[in-house]
Each structure stands twice: as C-alpha cells, then as structure tokens.
Amino acid sequence: NAGVTQTPKFRILKIGQSMTLQCTQDMNHNYMYWYRQDPGMGLKLIYYSVGAGITDKGEVPNGYNVSRSTTEDFPLRLELAAPSQTSVYFCASSSLAGAPEQFFGPGTRLTVL
Amino acid sequence: QKEVEQNSGPLSVPEGAIASLNCTYSDRGSQSFFWYRQYSGKSPELIMFIYSNGDKEDGRFTAQLNKASQYVSLLIRDSQPSDSATYLCRTGGSQGNLIFGKGTKLSVKP
C-alpha cells in the first residue's frame, strides 16, 4: 500500500513551458486535492475532486487545470508556466466528505525560471 | 475572504515545557478543526482534530476549541526536540472550503 504518490519530485521549468504533475493513490479514496505551498506559508487549495469525472476549483485555480478519469489518478496541468507558480505542490486524498484525515503525497518542488 | 490566522513564530520552548499554539478563524460556520505537523521538507501529517467546544486530549497533545471566540489551540506537554516542526491549523467544512493557516514554527531546545 503505497498511499499517495507524486511524480516528479523536482522540476525546473522555463517561463511559458507546460507540464503535468502526476498524483496516484491506491486507497480507493473518492476525494482528492491539489495544494500549493509557498515558502513560509500555509497550503492553498488549487483544485479538488469528489470522484471520477467530478472536479471543482479551490482558492487559487488560475493557471492550472485538472482531470479525474479514474479513482486513482488526479493529474494537475500547468499551462504557460510563470515564476509565480514556483512552489511546492502537494496532492492529498481522503475517504469521506469532511473525514479528518487527508493523506498527503511527498510533494513536487517546482521552480519556474 | 475566510481566513485562518496563526502566529508564524518561531516559538521556542525548552525541552519538557508546555508549548501552546494558537489559531483564530473568521468563518463562524466552521464546524471542525484540524492540527497538522509538518517537518521541514516533508508533507503535513494530521495529529489532532476537534469538533466540539472544550478540550480533547490525545497523549501529550490537547486541542482546545472555543467557537464563541473563534479560537482553537494546541497544547503539547513535555515538549521534545522531535516536536520541532511547523504546526498548521485547518478548518473543515465543504470540500472547497478547507482553509489552512500559515503555520507556527515550533523549536524545542534540549
């Protein structure tokens, strides 16, 4: 049981490039989330999903897109990367609405130059 | 704009002392509150959650909630150097309304 896995661990992008951050969970959780964490800051919700085929915006969705075609996978797409998207990105999952425990992946450290 | 406020610290306490971490929130509709611990370079992990006014104890950790004052706190008794981390407060609610504070950095000195 690997929990929540994220790839890549690190990435450097040039301004204007695109990439997809991968997130997979093997706990059969319905709920999945993408957060970003800037240095010295808390986590801000980018997008979330309550099940396959259902996604919705969080607090800071601009510049990102998501899809959820399976229960296991929740990729985050960055189009036209900007320096403001330099951050650590965490994917998380949980089993029930409002369930206390969100299980977090190890994070992806992204730098946009 | 719904907000969760925490003192960024760093909060420094000697080993064996009680560390007190505080969090205030603006959304009166929040029903549940969560404390996460995050070691440097790692992902957050849940340590406590509380739904009802009053205290909730789990080992060395006690969460305290006062909904009238919109205030939640985390006490760590007999603090250990391994407790040195950033502690994040989060409100519950609808899935798109999970608001994290910026976190308080705790340093426990041997």
# chains A, B, ... in the order shown; residues from 1 in each chain; ligands from 1
$ residues_around --residues "Phe49 (chain B)" --least-positions-apart "3" --cutoff "9 Å" --atoms "only C-alpha atoms" --output "list in words"
Pro100 and Glu101 of chain A; Ser32, Phe33, Phe34, Trp35, Tyr36, Leu46, Lys56 and Ala63 of chain B
$ interface_residues --of "chain B" --to "chain A" --cutoff "6 Å" --atoms "only C-alpha atoms" --output "short mmCIF file (atom, residue, chain, number, x, y, z; two decimals) with C-alpha atoms, in the first residue's frame"
data_model
loop_
_atom_site.label_atom_id
_atom_site.label_comp_id
_atom_site.auth_asym_id
_atom_site.auth_seq_id
_atom_site.Cartn_x
_atom_site.Cartn_y
_atom_site.Cartn_z
CA SER B 43 4.34 16.75 3.81
CA GLY B 96 -13.71 23.60 -1.43
CA PHE B 100 -5.07 26.28 6.20
CA GLY B 101 -3.30 28.84 8.35
CA LYS B 102 0.29 29.80 7.53
CA GLY B 103 1.59 27.71 10.38
#
$ residues_around --residues "Tyr87 (chain B)" --least-positions-apart "2" --cutoff "10 Å" --atoms "only C-alpha atoms" --output "ChimeraX atom specification"
/A:42 /B:6,8,21-22,35-39,44-47,74,83-85,89-90,101-106
$ select_by_dssp --residues "chain A" --states "strand (DSSP E)" --output "ChimeraX atom specification"
/A:4-7,10-13,19-25,31-37,43-51,54-57,64-66,76-78,87-94,103-104,108-112
$ residues_around --residues "region 23-29 of chain B" --least-positions-apart "4" --cutoff "8 Å" --atoms "only C-alpha atoms" --output "list in words"
Lys2, Glu3, Val4, Glu5, Gln6, Asn7, Lys67, Gln70, Tyr71, Val72, Ser73, Cys89, Thr91, Gly93 and Gly101 of chain B
$ write_last_selection --atoms "all heavy atoms" --output "short mmCIF file (atom, residue, chain, number, x, y, z; two decimals), in the first residue's frame"
data_model
loop_
_atom_site.label_atom_id
_atom_site.label_comp_id
_atom_site.auth_asym_id
_atom_site.auth_seq_id
_atom_site.Cartn_x
_atom_site.Cartn_y
_atom_site.Cartn_z
N LYS B 2 -12.53 34.10 3.77
CA LYS B 2 -12.40 33.34 5.01
C LYS B 2 -10.93 33.14 5.32
O LYS B 2 -10.15 32.79 4.43
CB LYS B 2 -13.12 32.00 4.85
CG LYS B 2 -14.62 32.19 4.67
CD LYS B 2 -15.32 30.94 4.27
CE LYS B 2 -16.81 31.24 4.04
NZ LYS B 2 -17.52 30.12 3.44
N GLU B 3 -10.58 33.37 6.58
CA GLU B 3 -9.18 33.32 6.95
C GLU B 3 -8.94 32.50 8.20
O GLU B 3 -9.82 32.38 9.06
CB GLU B 3 -8.65 34.75 7.19
CG GLU B 3 -8.61 35.60 5.93
CD GLU B 3 -8.05 36.98 6.19
OE1 GLU B 3 -8.08 37.41 7.34
OE2 GLU B 3 -7.59 37.61 5.23
N VAL B 4 -7.74 31.95 8.26
CA VAL B 4 -7.26 31.26 9.45
C VAL B 4 -5.93 31.92 9.81
O VAL B 4 -5.02 31.95 8.98
CB VAL B 4 -7.07 29.76 9.19
CG1 VAL B 4 -6.45 29.08 10.40
CG2 VAL B 4 -8.42 29.12 8.85
N GLU B 5 -5.84 32.45 11.03
CA GLU B 5 -4.66 33.19 11.44
C GLU B 5 -3.86 32.42 12.48
O GLU B 5 -4.42 31.88 13.43
CB GLU B 5 -5.07 34.54 12.03
CG GLU B 5 -5.84 35.44 11.08
CD GLU B 5 -4.95 36.07 10.03
OE1 GLU B 5 -3.72 36.08 10.21
OE2 GLU B 5 -5.49 36.57 9.02
N GLN B 6 -2.56 32.38 12.27
CA GLN B 6 -1.65 31.78 13.23
C GLN B 6 -0.44 32.67 13.38
O GLN B 6 0.01 33.29 12.40
CB GLN B 6 -1.15 30.41 12.75
CG GLN B 6 -2.20 29.33 12.67
CD GLN B 6 -1.58 28.01 12.23
OE1 GLN B 6 -1.70 27.59 11.08
NE2 GLN B 6 -0.91 27.35 13.16
N ASN B 7 0.12 32.71 14.58
CA ASN B 7 1.38 33.41 14.80
C ASN B 7 2.49 32.59 14.14
O ASN B 7 2.63 31.41 14.41
CB ASN B 7 1.65 33.53 16.31
CG ASN B 7 2.85 34.40 16.59
OD1 ASN B 7 3.82 34.39 15.85
ND2 ASN B 7 2.78 35.14 17.66
N LYS B 67 -15.72 28.08 20.16
CA LYS B 67 -16.38 28.57 18.96
C LYS B 67 -16.90 29.99 19.13
O LYS B 67 -16.91 30.77 18.17
CB LYS B 67 -17.53 27.64 18.56
CG LYS B 67 -17.05 26.30 18.03
CD LYS B 67 -18.20 25.45 17.52
CE LYS B 67 -17.70 24.12 16.97
NZ LYS B 67 -18.80 23.28 16.47
N GLN B 70 -14.06 31.98 18.40
CA GLN B 70 -13.47 31.58 17.12
C GLN B 70 -11.98 31.33 17.29
O GLN B 70 -11.14 31.87 16.57
CB GLN B 70 -13.75 32.64 16.05
CG GLN B 70 -15.25 32.74 15.74
CD GLN B 70 -15.57 33.85 14.77
OE1 GLN B 70 -16.15 34.87 15.14
NE2 GLN B 70 -15.22 33.64 13.53
N TYR B 71 -11.69 30.46 18.22
CA TYR B 71 -10.31 30.26 18.66
C TYR B 71 -10.09 28.77 18.90
O TYR B 71 -10.92 28.09 19.52
CB TYR B 71 -10.14 31.05 19.96
CG TYR B 71 -8.84 30.91 20.67
CD1 TYR B 71 -7.80 31.79 20.42
CD2 TYR B 71 -8.64 29.93 21.65
CE1 TYR B 71 -6.60 31.71 21.10
CE2 TYR B 71 -7.44 29.84 22.32
CZ TYR B 71 -6.43 30.73 22.05
OH TYR B 71 -5.25 30.66 22.73
N VAL B 72 -8.98 28.26 18.37
CA VAL B 72 -8.61 26.87 18.63
C VAL B 72 -7.13 26.84 18.95
O VAL B 72 -6.34 27.62 18.38
CB VAL B 72 -8.97 25.97 17.42
CG1 VAL B 72 -8.28 26.42 16.15
CG2 VAL B 72 -8.65 24.52 17.70
N SER B 73 -6.75 26.00 19.90
CA SER B 73 -5.36 25.94 20.30
C SER B 73 -4.90 24.49 20.40
O SER B 73 -5.71 23.56 20.48
CB SER B 73 -5.13 26.66 21.63
OG SER B 73 -5.82 25.99 22.66
N CYS B 89 -2.84 24.86 11.28
CA CYS B 89 -4.24 24.78 11.70
C CYS B 89 -5.11 24.79 10.43
O CYS B 89 -4.81 25.54 9.48
CB CYS B 89 -4.55 25.98 12.59
SG CYS B 89 -6.27 26.21 13.06
N THR B 91 -9.34 24.60 8.98
CA THR B 91 -10.78 24.49 9.25
C THR B 91 -11.39 23.44 8.34
O THR B 91 -10.86 23.15 7.27
CB THR B 91 -11.50 25.82 9.04
OG1 THR B 91 -11.28 26.25 7.68
CG2 THR B 91 -10.98 26.89 9.97
N GLY B 93 -15.31 21.84 6.82
CA GLY B 93 -16.40 22.40 6.05
C GLY B 93 -16.50 21.71 4.71
O GLY B 93 -16.04 20.59 4.52
N GLY B 101 -4.08 27.69 7.91
CA GLY B 101 -3.30 28.84 8.35
C GLY B 101 -1.88 28.74 7.81
O GLY B 101 -1.50 27.73 7.22
#
$ atom_distance --atom1 "CA of Ser40 (chain B)" --atom2 "CA of Ser12 (chain B)"
16.1 Å
$ atom_distance --atom1 "CA of Ala68 (chain B)" --atom2 "CA of Gly9 (chain B)"
25.1 Å
$ atom_distance --atom1 "CA of Asn65 (chain A)" --atom2 "CA of Ile15 (chain A)"
17.2 Å
$ residues_around --residues "Ala2 (chain A)" --least-positions-apart "3" --cutoff "8 Å" --atoms "only C-alpha atoms" --output "JSON, numbers by chain"
{"A": [5, 25, 26]}
$ closest_residue --among "A:Asn28, A:Gln22, A:Asn1, A:Gln17" --to "Phe74 (chain A)" --atoms "only C-alpha atoms"
A:Gln22
$ closest_residue --among "B:Ser30, B:Ser94, B:Val13, B:Leu75" --to "Asp55 (chain B)" --atoms "only C-alpha atoms"
B:Leu75
